[in-house]
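The data block below is entry_8.cif; it holds mmCIF, C-alpha atoms and all ligand atoms.
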data_structure
loop_
_atom_site.label_atom_id
_atom_site.label_comp_id
_atom_site.auth_asym_id
_atom_site.auth_seq_id
_atom_site.Cartn_x
_atom_site.Cartn_y
_atom_site.Cartn_z
CA MET A 1 -69.38 -30.57 -50.72
CA ASN A 2 -70.19 -28.92 -47.39
CA GLY A 3 -66.90 -28.19 -45.64
CA GLN A 4 -67.13 -31.18 -43.26
CA ALA A 5 -63.72 -32.34 -44.43
CA LEU A 6 -62.08 -29.17 -43.11
CA PHE A 7 -60.70 -28.45 -39.65
CA PRO A 8 -63.47 -26.84 -37.65
CA ASN A 9 -61.33 -23.84 -36.62
CA TYR A 10 -63.24 -21.12 -38.51
CA ALA A 11 -66.79 -19.83 -37.93
CA ARG A 12 -67.61 -19.25 -41.58
CA ALA A 13 -70.54 -17.40 -43.13
CA ASP A 14 -72.45 -19.61 -45.55
CA LEU A 15 -71.28 -17.77 -48.66
CA VAL A 16 -69.28 -19.06 -51.60
CA PHE A 17 -67.76 -16.53 -53.95
CA GLU A 18 -66.95 -17.44 -57.50
CA ARG A 19 -65.26 -14.27 -58.67
CA GLY A 20 -64.49 -10.69 -57.85
CA GLU A 21 -64.38 -7.40 -59.77
CA GLY A 22 -62.78 -4.43 -58.06
CA CYS A 23 -64.64 -3.86 -54.78
CA TRP A 24 -67.35 -6.41 -55.61
CA LEU A 25 -67.62 -10.14 -54.95
CA ILE A 26 -70.06 -12.36 -56.78
CA THR A 27 -71.40 -15.61 -55.31
CA THR A 28 -71.76 -18.84 -57.23
CA ASP A 29 -75.52 -18.09 -57.44
CA GLY A 30 -74.95 -14.59 -58.81
CA ARG A 31 -75.44 -12.34 -55.76
CA ARG A 32 -73.18 -9.28 -55.57
CA PHE A 33 -71.55 -8.11 -52.34
CA LEU A 34 -69.67 -4.88 -51.76
CA ASP A 35 -66.41 -5.96 -50.18
CA PHE A 36 -65.38 -3.69 -47.31
CA SER A 37 -63.27 -6.40 -45.69
CA ALA A 38 -60.86 -6.96 -48.59
CA GLY A 39 -59.97 -10.41 -47.27
CA ILE A 40 -58.86 -8.71 -44.03
CA ALA A 41 -57.02 -5.76 -45.60
CA VAL A 42 -55.34 -8.02 -48.16
CA ASN A 43 -56.99 -7.17 -51.50
CA SER A 44 -55.44 -3.72 -51.49
CA LEU A 45 -56.20 -3.19 -55.19
CA GLY A 46 -59.51 -5.01 -55.15
CA HIS A 47 -60.30 -8.23 -56.95
CA ALA A 48 -58.91 -9.19 -60.36
CA HIS A 49 -57.01 -5.93 -60.87
CA PRO A 50 -55.85 -6.14 -64.52
CA HIS A 51 -52.28 -5.05 -63.75
CA LEU A 52 -51.92 -7.74 -61.07
CA VAL A 53 -53.55 -10.40 -63.23
CA ASP A 54 -51.18 -9.57 -66.09
CA ALA A 55 -48.13 -9.64 -63.83
CA LEU A 56 -49.10 -13.01 -62.35
CA LYS A 57 -49.93 -14.57 -65.72
CA ALA A 58 -46.71 -13.34 -67.31
CA GLN A 59 -44.66 -14.73 -64.44
CA ALA A 60 -46.61 -18.01 -64.40
CA GLU A 61 -45.55 -18.67 -67.98
CA LYS A 62 -41.88 -18.17 -67.15
CA LEU A 63 -40.96 -19.43 -63.69
CA TRP A 64 -42.96 -20.20 -60.55
CA HIS A 65 -40.48 -21.24 -57.95
CA VAL A 66 -36.79 -21.55 -57.30
CA SER A 67 -35.25 -21.89 -53.87
CA ASN A 68 -33.40 -19.21 -51.99
CA ALA A 69 -30.18 -21.08 -52.83
CA VAL A 70 -30.07 -18.86 -55.93
CA ARG A 71 -30.62 -15.17 -56.64
CA ILE A 72 -34.21 -14.14 -57.37
CA GLU A 73 -34.48 -10.96 -59.42
CA GLY A 74 -38.00 -10.12 -58.31
CA GLN A 75 -36.84 -10.15 -54.66
CA GLU A 76 -33.88 -7.91 -55.37
CA ARG A 77 -36.07 -5.44 -57.23
CA LEU A 78 -38.90 -5.39 -54.68
CA ALA A 79 -36.43 -5.08 -51.78
CA GLU A 80 -34.69 -2.14 -53.46
CA ARG A 81 -37.99 -0.41 -54.08
CA LEU A 82 -39.15 -0.92 -50.48
CA CYS A 83 -35.81 0.34 -49.16
CA GLU A 84 -35.92 3.39 -51.42
CA ARG A 85 -39.25 4.42 -49.90
CA THR A 86 -38.66 3.55 -46.24
CA PHE A 87 -36.22 3.60 -43.31
CA ALA A 88 -35.01 0.15 -44.34
CA ASP A 89 -31.82 -1.03 -46.05
CA ARG A 90 -32.53 -4.78 -45.98
CA VAL A 91 -35.59 -6.98 -46.59
CA MET A 92 -36.34 -10.66 -46.02
CA PHE A 93 -39.41 -12.14 -47.70
CA THR A 94 -41.75 -14.66 -46.05
CA ASN A 95 -45.04 -16.42 -46.83
CA SER A 96 -47.24 -14.71 -44.29
CA GLY A 97 -47.56 -12.02 -41.67
CA ALA A 98 -46.80 -14.28 -38.73
CA GLU A 99 -43.64 -15.47 -40.44
CA ALA A 100 -42.58 -11.87 -41.08
CA MET A 101 -43.10 -11.27 -37.35
CA GLU A 102 -40.98 -14.33 -36.58
CA VAL A 103 -38.16 -12.83 -38.64
CA ALA A 104 -38.53 -9.56 -36.74
CA ILE A 105 -38.52 -11.28 -33.34
CA LYS A 106 -35.55 -13.51 -34.19
CA THR A 107 -33.62 -10.58 -35.67
CA ALA A 108 -34.25 -8.42 -32.59
CA ARG A 109 -32.91 -11.20 -30.35
CA ARG A 110 -29.99 -12.07 -32.57
CA PHE A 111 -28.99 -8.41 -32.94
CA HIS A 112 -28.33 -8.08 -29.21
CA TYR A 113 -26.71 -11.54 -29.09
CA ASP A 114 -24.30 -10.45 -31.82
CA ASN A 115 -23.63 -7.19 -30.02
CA GLY A 116 -22.45 -8.91 -26.85
CA ALA A 117 -25.76 -8.85 -24.97
CA PRO A 118 -27.18 -12.38 -25.30
CA ASP A 119 -29.39 -11.82 -22.24
CA ARG A 120 -31.35 -9.16 -24.06
CA TYR A 121 -34.05 -11.21 -25.71
CA ARG A 122 -37.30 -9.88 -24.28
CA LEU A 123 -39.79 -7.70 -26.16
CA ILE A 124 -42.28 -5.37 -24.54
CA THR A 125 -45.73 -5.79 -26.12
CA PHE A 126 -49.17 -4.26 -25.60
CA GLU A 127 -52.47 -5.49 -24.28
CA GLY A 128 -54.91 -6.09 -27.16
CA ALA A 129 -52.07 -6.72 -29.63
CA PHE A 130 -52.23 -9.25 -32.44
CA HIS A 131 -49.08 -10.47 -34.15
CA GLY A 132 -50.13 -13.81 -35.67
CA ARG A 133 -50.91 -17.42 -34.74
CA THR A 134 -47.54 -19.16 -34.56
CA LEU A 135 -46.34 -20.22 -31.12
CA ALA A 136 -44.07 -17.18 -30.76
CA THR A 137 -46.57 -14.69 -32.13
CA ILE A 138 -49.44 -15.86 -29.89
CA ALA A 139 -47.06 -15.37 -26.97
CA ALA A 140 -46.25 -11.89 -28.29
CA GLY A 141 -49.95 -11.07 -28.64
CA GLY A 142 -50.55 -12.43 -25.15
CA GLN A 143 -54.28 -13.05 -25.61
CA PRO A 144 -55.38 -15.86 -23.28
CA LYS A 145 -58.00 -17.10 -25.79
CA TYR A 146 -55.27 -17.76 -28.38
CA LEU A 147 -52.80 -19.27 -25.90
CA GLU A 148 -55.16 -21.65 -24.10
CA GLY A 149 -54.39 -25.31 -24.52
CA PHE A 150 -51.22 -24.91 -26.51
CA GLY A 151 -48.69 -25.58 -23.78
CA PRO A 152 -46.29 -23.15 -22.16
CA PRO A 153 -46.18 -19.84 -24.05
CA VAL A 154 -42.90 -18.97 -25.74
CA GLU A 155 -40.83 -17.04 -23.23
CA GLY A 156 -39.65 -13.49 -23.71
CA PHE A 157 -42.65 -11.17 -23.99
CA ASP A 158 -43.65 -8.63 -21.36
CA GLN A 159 -47.09 -7.21 -21.92
CA VAL A 160 -48.05 -3.75 -20.68
CA PRO A 161 -51.40 -1.91 -20.76
CA PHE A 162 -52.29 -0.25 -24.07
CA ASP A 163 -52.48 3.28 -22.70
CA ASP A 164 -49.91 3.58 -19.94
CA PRO A 165 -46.59 5.23 -20.88
CA ASP A 166 -45.22 4.75 -17.36
CA ALA A 167 -45.80 1.00 -17.58
CA VAL A 168 -43.54 0.76 -20.63
CA LYS A 169 -40.74 2.54 -18.85
CA ALA A 170 -41.20 0.36 -15.77
CA ALA A 171 -41.10 -2.81 -17.90
CA ILE A 172 -37.68 -2.01 -19.37
CA GLY A 173 -35.02 -4.18 -17.74
CA PRO A 174 -31.54 -5.59 -18.43
CA GLU A 175 -33.09 -8.34 -20.60
CA THR A 176 -35.19 -6.05 -22.78
CA ALA A 177 -34.33 -6.22 -26.48
CA GLY A 178 -37.00 -3.94 -27.84
CA ILE A 179 -40.56 -2.70 -27.99
CA LEU A 180 -43.04 -4.32 -30.40
CA ILE A 181 -46.20 -2.45 -31.38
CA GLU A 182 -48.88 -2.09 -34.06
CA PRO A 183 -49.24 1.66 -34.84
CA ILE A 184 -52.99 0.98 -35.05
CA GLN A 185 -54.19 -2.23 -33.45
CA GLY A 186 -56.15 -4.10 -36.12
CA GLU A 187 -57.59 -7.30 -34.65
CA GLY A 188 -57.68 -5.51 -31.29
CA GLY A 189 -60.39 -3.21 -32.65
CA ILE A 190 -58.82 -0.38 -34.69
CA ARG A 191 -57.19 1.20 -31.65
CA PRO A 192 -54.81 3.89 -32.88
CA VAL A 193 -51.66 4.65 -30.93
CA ASP A 194 -51.27 8.38 -30.46
CA TRP A 195 -48.56 9.63 -32.83
CA ALA A 196 -46.95 11.51 -29.91
CA ARG A 197 -46.95 8.23 -28.01
CA LEU A 198 -45.14 6.51 -30.86
CA ARG A 199 -42.52 9.27 -30.84
CA HIS A 200 -42.16 8.74 -27.09
CA LEU A 201 -41.58 5.00 -27.61
CA ARG A 202 -38.94 5.82 -30.24
CA ALA A 203 -37.20 8.10 -27.73
CA LEU A 204 -37.37 5.42 -25.02
CA CYS A 205 -35.76 2.91 -27.37
CA ASP A 206 -32.98 5.36 -28.21
CA GLU A 207 -32.39 6.13 -24.56
CA HIS A 208 -32.14 2.46 -23.54
CA GLY A 209 -30.49 0.96 -26.62
CA LEU A 210 -33.64 -0.95 -27.59
CA LEU A 211 -35.03 -1.80 -31.01
CA LEU A 212 -38.37 -0.37 -32.04
CA VAL A 213 -40.17 -3.17 -33.87
CA LEU A 214 -43.35 -2.22 -35.74
CA ASP A 215 -46.03 -4.62 -36.88
CA GLU A 216 -47.44 -2.89 -39.98
CA ILE A 217 -48.94 -6.07 -41.39
CA GLN A 218 -52.43 -4.53 -41.43
CA THR A 219 -51.59 -0.80 -41.42
CA GLY A 220 -48.96 -0.92 -44.17
CA VAL A 221 -48.81 -0.51 -47.94
CA GLY A 222 -51.05 2.52 -48.18
CA ARG A 223 -53.91 1.44 -45.95
CA THR A 224 -53.78 4.63 -43.82
CA GLY A 225 -52.98 7.06 -46.64
CA ARG A 226 -49.21 6.84 -46.19
CA LEU A 227 -47.10 3.98 -47.51
CA PHE A 228 -46.53 2.98 -43.86
CA SER A 229 -48.55 4.36 -40.98
CA HIS A 230 -45.57 5.28 -38.78
CA GLU A 231 -44.79 8.02 -41.33
CA TRP A 232 -47.69 9.97 -39.78
CA ALA A 233 -45.72 10.08 -36.52
CA GLY A 234 -42.54 11.21 -38.24
CA ILE A 235 -40.50 8.38 -36.74
CA GLU A 236 -38.59 5.40 -38.08
CA PRO A 237 -38.56 1.90 -36.63
CA ASP A 238 -35.52 -0.40 -36.54
CA LEU A 239 -37.47 -3.43 -37.72
CA MET A 240 -40.86 -3.76 -39.37
CA ALA A 241 -43.07 -6.67 -40.39
CA ILE A 242 -45.43 -6.27 -43.35
CA ALA A 243 -47.74 -8.64 -45.27
CA LYS A 244 -51.46 -8.48 -46.16
CA GLY A 245 -51.71 -5.54 -48.62
CA ILE A 246 -48.27 -5.98 -50.20
CA GLY A 247 -49.41 -9.16 -51.99
CA GLY A 248 -52.81 -7.81 -53.06
CA GLY A 249 -54.13 -11.36 -52.49
CA PHE A 250 -51.01 -13.35 -53.25
CA PRO A 251 -49.83 -14.62 -49.86
CA PHE A 252 -46.53 -13.16 -48.77
CA GLY A 253 -44.91 -10.98 -46.16
CA ALA A 254 -41.60 -9.31 -45.44
CA CYS A 255 -39.42 -8.08 -42.64
CA LEU A 256 -37.68 -4.75 -43.23
CA ALA A 257 -34.63 -3.61 -41.26
CA ARG A 258 -31.78 -1.17 -41.11
CA ALA A 259 -28.52 -2.61 -42.44
CA ASP A 260 -26.77 -2.71 -39.04
CA VAL A 261 -29.77 -4.54 -37.54
CA ALA A 262 -30.09 -7.11 -40.34
CA ALA A 263 -26.33 -7.74 -40.35
CA CYS A 264 -26.69 -10.40 -37.63
CA MET A 265 -28.82 -12.64 -39.87
CA VAL A 266 -25.91 -14.37 -41.61
CA PRO A 267 -26.27 -17.57 -43.67
CA GLY A 268 -27.67 -20.36 -41.53
CA THR A 269 -29.51 -18.18 -39.02
CA HIS A 270 -32.90 -18.28 -40.72
CA GLY A 271 -34.60 -19.32 -43.94
CA THR A 272 -37.76 -20.30 -45.78
CA THR A 273 -38.48 -22.59 -48.72
CA PHE A 274 -41.26 -20.59 -50.34
CA GLY A 275 -40.61 -17.08 -49.06
CA GLY A 276 -40.09 -14.57 -51.85
CA ASN A 277 -40.64 -16.93 -54.75
CA PRO A 278 -40.90 -15.45 -58.25
CA LEU A 279 -44.73 -15.59 -58.41
CA ALA A 280 -45.11 -13.67 -55.14
CA MET A 281 -42.48 -11.13 -56.14
CA ALA A 282 -44.09 -10.48 -59.53
CA VAL A 283 -47.34 -9.60 -57.79
CA GLY A 284 -45.66 -7.58 -55.04
CA ASN A 285 -43.84 -5.46 -57.60
CA ALA A 286 -47.09 -4.96 -59.50
CA VAL A 287 -48.85 -3.81 -56.31
CA LEU A 288 -46.11 -1.23 -55.74
CA ASP A 289 -46.41 -0.03 -59.36
CA ILE A 290 -49.92 1.14 -58.52
CA VAL A 291 -49.60 2.20 -54.88
CA LEU A 292 -46.55 4.34 -55.66
CA GLN A 293 -48.19 6.15 -58.57
CA ASP A 294 -48.29 9.90 -58.08
CA GLY A 295 -51.28 10.91 -56.01
CA PHE A 296 -52.46 7.37 -55.17
CA LEU A 297 -51.79 7.63 -51.43
CA ASP A 298 -53.24 11.15 -51.21
CA GLU A 299 -56.36 9.78 -52.80
CA VAL A 300 -56.53 7.00 -50.19
CA GLY A 301 -56.28 9.66 -47.48
CA ARG A 302 -59.00 11.75 -49.09
CA LYS A 303 -61.35 8.79 -49.48
CA GLY A 304 -60.57 7.67 -45.94
CA LEU A 305 -61.61 11.06 -44.63
CA ALA A 306 -64.85 10.94 -46.64
CA LEU A 307 -65.61 7.44 -45.33
CA LYS A 308 -64.87 8.50 -41.76
CA GLN A 309 -67.11 11.58 -42.00
CA LYS A 310 -69.95 9.54 -43.43
CA ALA A 311 -69.44 6.83 -40.80
CA ALA A 312 -69.56 9.56 -38.14
CA GLY A 313 -72.96 10.48 -39.62
CA LEU A 314 -74.08 6.88 -38.98
CA VAL A 315 -72.92 7.16 -35.38
CA ASP A 316 -75.09 10.28 -35.02
CA SER A 317 -78.15 8.77 -36.67
CA HIS A 318 -77.90 5.35 -34.95
CA PRO A 319 -76.79 6.02 -31.38
CA GLN A 320 -78.32 2.72 -30.25
CA VAL A 321 -76.10 0.79 -32.65
CA PHE A 322 -72.85 2.74 -32.92
CA GLU A 323 -70.78 4.39 -30.22
CA THR A 324 -67.94 5.91 -32.23
CA VAL A 325 -65.80 5.65 -35.36
CA ARG A 326 -62.01 5.60 -35.26
CA GLY A 327 -58.97 4.81 -37.37
CA GLU A 328 -56.94 6.35 -40.15
CA GLY A 329 -57.32 6.32 -43.93
CA LEU A 330 -59.20 3.26 -45.15
CA MET A 331 -58.68 1.39 -41.89
CA LEU A 332 -61.72 2.35 -39.86
CA GLY A 333 -63.63 0.80 -36.99
CA LEU A 334 -67.19 1.38 -35.88
CA LYS A 335 -67.49 0.60 -32.19
CA CYS A 336 -70.86 -1.08 -31.73
CA ARG A 337 -73.32 -1.27 -28.84
CA PRO A 338 -75.02 -4.59 -29.75
CA PRO A 339 -72.54 -7.40 -30.49
CA ALA A 340 -70.39 -6.33 -33.46
CA ALA A 341 -70.92 -9.81 -34.95
CA ASP A 342 -74.66 -9.02 -35.20
CA VAL A 343 -73.95 -5.74 -36.97
CA VAL A 344 -71.56 -7.45 -39.39
CA ALA A 345 -74.22 -10.11 -40.06
CA ALA A 346 -76.94 -7.48 -40.63
CA ALA A 347 -74.63 -5.62 -43.04
CA ARG A 348 -74.02 -8.88 -44.87
CA GLU A 349 -77.78 -9.27 -45.25
CA GLU A 350 -77.65 -5.88 -46.99
CA GLY A 351 -74.88 -7.11 -49.28
CA LEU A 352 -71.99 -5.38 -47.52
CA LEU A 353 -69.01 -7.32 -46.21
CA GLY A 354 -67.38 -5.81 -43.13
CA MET A 355 -65.19 -7.57 -40.60
CA GLY A 356 -65.43 -7.98 -36.84
CA ALA A 357 -62.60 -7.11 -34.46
CA GLY A 358 -61.85 -6.91 -30.75
CA ASP A 359 -63.40 -4.27 -28.48
CA ASN A 360 -66.78 -4.89 -30.15
CA VAL A 361 -65.78 -3.16 -33.38
CA MET A 362 -66.89 -3.64 -36.97
CA ARG A 363 -63.99 -2.90 -39.30
CA LEU A 364 -64.32 -1.16 -42.64
CA LEU A 365 -61.30 -2.08 -44.77
CA PRO A 366 -62.25 -1.51 -48.41
CA PRO A 367 -59.80 -2.01 -51.25
CA LEU A 368 -57.69 1.14 -51.65
CA ILE A 369 -59.16 1.61 -55.14
CA VAL A 370 -62.68 2.08 -53.73
CA SER A 371 -64.64 4.84 -55.46
CA GLU A 372 -66.59 7.71 -53.91
CA ASP A 373 -69.82 6.08 -55.17
CA GLU A 374 -68.92 2.76 -53.60
CA ILE A 375 -68.26 4.53 -50.30
CA ASP A 376 -71.74 6.09 -50.48
CA GLU A 377 -73.23 2.71 -51.36
CA ALA A 378 -71.47 1.07 -48.41
CA ILE A 379 -72.69 3.76 -46.03
CA ASP A 380 -76.28 3.29 -47.30
CA ARG A 381 -76.02 -0.43 -46.70
CA VAL A 382 -74.62 -0.06 -43.18
CA ASP A 383 -77.36 2.51 -42.56
CA ARG A 384 -80.02 -0.02 -43.57
CA ALA A 385 -78.35 -2.73 -41.49
CA ALA A 386 -78.36 -0.42 -38.45
CA SER A 387 -82.07 0.35 -38.97
CA ARG A 388 -82.74 -3.38 -39.15
CA ILE A 389 -80.95 -3.86 -35.82
CA GLU A 390 -82.81 -0.94 -34.21
CA HIS A 391 -86.06 -2.47 -35.33
CA ARG A 392 -85.06 -5.74 -33.66
CA LEU A 393 -83.99 -3.95 -30.48
CA GLU A 394 -87.35 -2.18 -30.35
CA ASN A 395 -89.32 -5.35 -31.09
CA PRO A 396 -87.53 -8.02 -29.08
CA GLY A 397 -88.55 -11.52 -29.99
CA ALA A 398 -90.44 -10.42 -33.12
CA HIS A 399 -87.56 -11.06 -35.47
CA PRO A 400 -85.55 -14.17 -34.74
CA SER A 401 -82.34 -13.53 -36.68
C1 LIG B 1 -52.95 -10.40 -39.97
C2 LIG B 1 -51.95 -9.92 -38.99
C3 LIG B 1 -50.89 -10.72 -38.56
C4 LIG B 1 -50.73 -12.16 -39.00
O1 LIG B 1 -50.61 -12.32 -40.37
P1 LIG B 1 -50.86 -13.77 -41.03
O2 LIG B 1 -50.55 -13.55 -42.48
O3 LIG B 1 -52.26 -14.14 -40.76
O4 LIG B 1 -49.90 -14.70 -40.39
C5 LIG B 1 -49.98 -10.18 -37.69
N1 LIG B 1 -50.08 -8.92 -37.26
C6 LIG B 1 -51.09 -8.11 -37.65
C7 LIG B 1 -51.13 -6.70 -37.15
C8 LIG B 1 -52.06 -8.58 -38.51
O5 LIG B 1 -53.07 -7.79 -38.88
#
As structure tokens, what does this structure read like?
Amino acid sequence: MNGQALFPNYARADLVFERGEGCWLITTDGRRFLDFSAGIAVNSLGHAHPHLVDALKAQAEKLWHVSNAVRIEGQERLAERLCERTFADRVMFTNSGAEAMEVAIKTARRFHYDNGAPDRYRLITFEGAFHGRTLATIAAGGQPKYLEGFGPPVEGFDQVPFDDPDAVKAAIGPETAGILIEPIQGEGGIRPVDWARLRHLRALCDEHGLLLVLDEIQTGVGRTGRLFSHEWAGIEPDLMAIAKGIGGGFPFGACLARADVAACMVPGTHGTTFGGNPLAMAVGNAVLDIVLQDGFLDEVGRKGLALKQKAAGLVDSHPQVFETVRGEGLMLGLKCRPPAADVVAAAREEGLLGMGAGDNVMRLLPPLIVSEDEIDEAIDRVDRAASRIEHRLENPGAHPS
């Protein structure tokens, strides 16, 4: 068993984990790693959270799957709870983030089609964006490295620079259906969009009859200290894709919408075999049980601030390794000077799992249940990793890594 039978599309670290406990992962040979990647912001409540395990086991003994040809109580309940806490009135469940984005894109197009403007199908997107790996979502993300070799990109996306409000305005035309943005770019390197900027985009959409479509797949479900990160800006989107944290490790996503926006998606327009099956819904409801507990999100915000302050200390003490820290809540990025992949690898040698990202950033995305002590432990380990790298920089050639 060596992985040779798998597609070669991932550059994997040579680590095999057997089990997890909270913020810790344990390899098959007994080594413990502090998990500040959380499976890319997925294990929102850490590993093997008892409430999630109980919910999944209880559901597994009753019913795993039925098709969307019948009512599914878990879907109805989770949708109601999401709507109660957000701008949304309607929810469609999917299996993944990219599929939630596909629902959002199709709904945005179909909304204008239904409202007598079939030519309005284009979405304005942003340089550095990431919206998934399906054919439509790689076109939306617009990154050449993800588009190369896969034929003509899906039509209908107009990409503008990340930081140029005038470019957005200039890109709006008679075919524009909406604006699609991540409130904080995740894969792009934890690049936060100014909250004032987000309010400006909302106003532009209102002025031009466009839909504001948010990709909160990475930022959502408490990651930034609010249930959804756009709440910081005091605005509401018209459509929103979520995934990652909502399943706590069970793969599923959702597209949330206002009732008048979702109204176009009548029977026959879209569907999924697995999306929103009873197992996924049992776990999603259990995740919300915890995340919506009084004080939970405030605590995430508080811990995020502590982590950010301590990470800023690392930037001060290792200026050769780190340039800056940015992000919100427990979604932070350390911009590196040497290749971020080297810093992530050095941290791994210290038993700390981080995650690379664009713009030469190492992401810190711990489970939302991380403790103050675990934050200190993580900072110590990154500190040691940075010292290790400095030592290598000062003694080139002495330490082949
Ligand atoms: C992870 C991610 C996606 C894609 O989700 P998948 O579940 O991998 O399809 C889309 N958008 C953002 C912002 C993400 O972080």
For the interface of chain A with ligand LIG 1 (chain B) (cut-off 7 Å, counting all atoms listed in the file), please tabulate each contacting residue of chain A alongside its nearest pair of atoms and their separation in Å to one decimal, rows sorted by chain and increasing number, as JSON lines.
{"residue": "A:Ser96", "atom": "CA", "partner": "B:LIG1", "partner_atom": "O2", "distance": 3.9}
{"residue": "A:Gly97", "atom": "CA", "partner": "B:LIG1", "partner_atom": "O1", "distance": 3.3}
{"residue": "A:Ala98", "atom": "CA", "partner": "B:LIG1", "partner_atom": "O4", "distance": 3.5}
{"residue": "A:Glu99", "atom": "CA", "partner": "B:LIG1", "partner_atom": "O4", "distance": 6.3}
{"residue": "A:Met101", "atom": "CA", "partner": "B:LIG1", "partner_atom": "C5", "distance": 7.0}
{"residue": "A:Phe130", "atom": "CA", "partner": "B:LIG1", "partner_atom": "N1", "distance": 5.3}
{"residue": "A:His131", "atom": "CA", "partner": "B:LIG1", "partner_atom": "N1", "distance": 3.6}
{"residue": "A:Gly132", "atom": "CA", "partner": "B:LIG1", "partner_atom": "C4", "distance": 3.8}
{"residue": "A:Arg133", "atom": "CA", "partner": "B:LIG1", "partner_atom": "O4", "distance": 6.4}
{"residue": "A:Glu182", "atom": "CA", "partner": "B:LIG1", "partner_atom": "C7", "distance": 6.0}
{"residue": "A:Gln185", "atom": "CA", "partner": "B:LIG1", "partner_atom": "C7", "distance": 6.6}
{"residue": "A:Gly186", "atom": "CA", "partner": "B:LIG1", "partner_atom": "O5", "distance": 5.5}
{"residue": "A:Glu187", "atom": "CA", "partner": "B:LIG1", "partner_atom": "O5", "distance": 6.2}
{"residue": "A:Asp215", "atom": "CA", "partner": "B:LIG1", "partner_atom": "C7", "distance": 5.5}
{"residue": "A:Glu216", "atom": "CA", "partner": "B:LIG1", "partner_atom": "C7", "distance": 6.0}
{"residue": "A:Ile217", "atom": "CA", "partner": "B:LIG1", "partner_atom": "C6", "distance": 4.8}
{"residue": "A:Gln218", "atom": "CA", "partner": "B:LIG1", "partner_atom": "O5", "distance": 4.2}
{"residue": "A:Ala243", "atom": "CA", "partner": "B:LIG1", "partner_atom": "O2", "distance": 6.3}
{"residue": "A:Lys244", "atom": "CA", "partner": "B:LIG1", "partner_atom": "O2", "distance": 6.3}
Could you check the closest approach to Asn360 in chain A for each of A:Val321, A:Val53, A:Leu147, A:Ile179 and tell me which residue wins, using only C-alpha atoms?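 Going through A:Val321, A:Val53, A:Leu147, A:Ile179 one by one, the smallest distance to Asn360 in chain A is for A:Val321.
Nearest-residue note for Phe322 in chain A: choosing from A:Ala386, A:Ala254, A:Ile379, A:Ala357, the minimum distance belongs to A:Ala386, counting only C-alpha atoms.
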Of the candidates A:Met265, A:Leu6, A:Leu15, A:Ala41, which shows the shortest atom-to-atom distance to Glu349 in chain A, using all atoms listed in the file?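 Nearest to Glu349 in chain A: A:Leu15.
Proximity ranking of A:Ala11, A:Leu305, A:Ala257, A:Leu198 relative to Ile184 in chain A places A:Leu198 first, based on all atoms listed in the file.
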With range 276-279 of chain A as the partner and 8 Å as the cut-off, tabulate the residues of range 87-116 of chain A that qualify, each row holding the nearest pair of atoms and their distance in Å to one decimal, using all atoms listed in the file, sorted by chain and rising number, as JSON lines.
{"residue": "A:Met92", "atom": "CA", "partner": "A:Gly276", "partner_atom": "CA", "distance": 8.0}
{"residue": "A:Phe93", "atom": "CA", "partner": "A:Gly276", "partner_atom": "CA", "distance": 4.9}
{"residue": "A:Thr94", "atom": "CA", "partner": "A:Gly276", "partner_atom": "CA", "distance": 6.0}
{"residue": "A:Asn95", "atom": "CA", "partner": "A:Gly276", "partner_atom": "CA", "distance": 7.3}
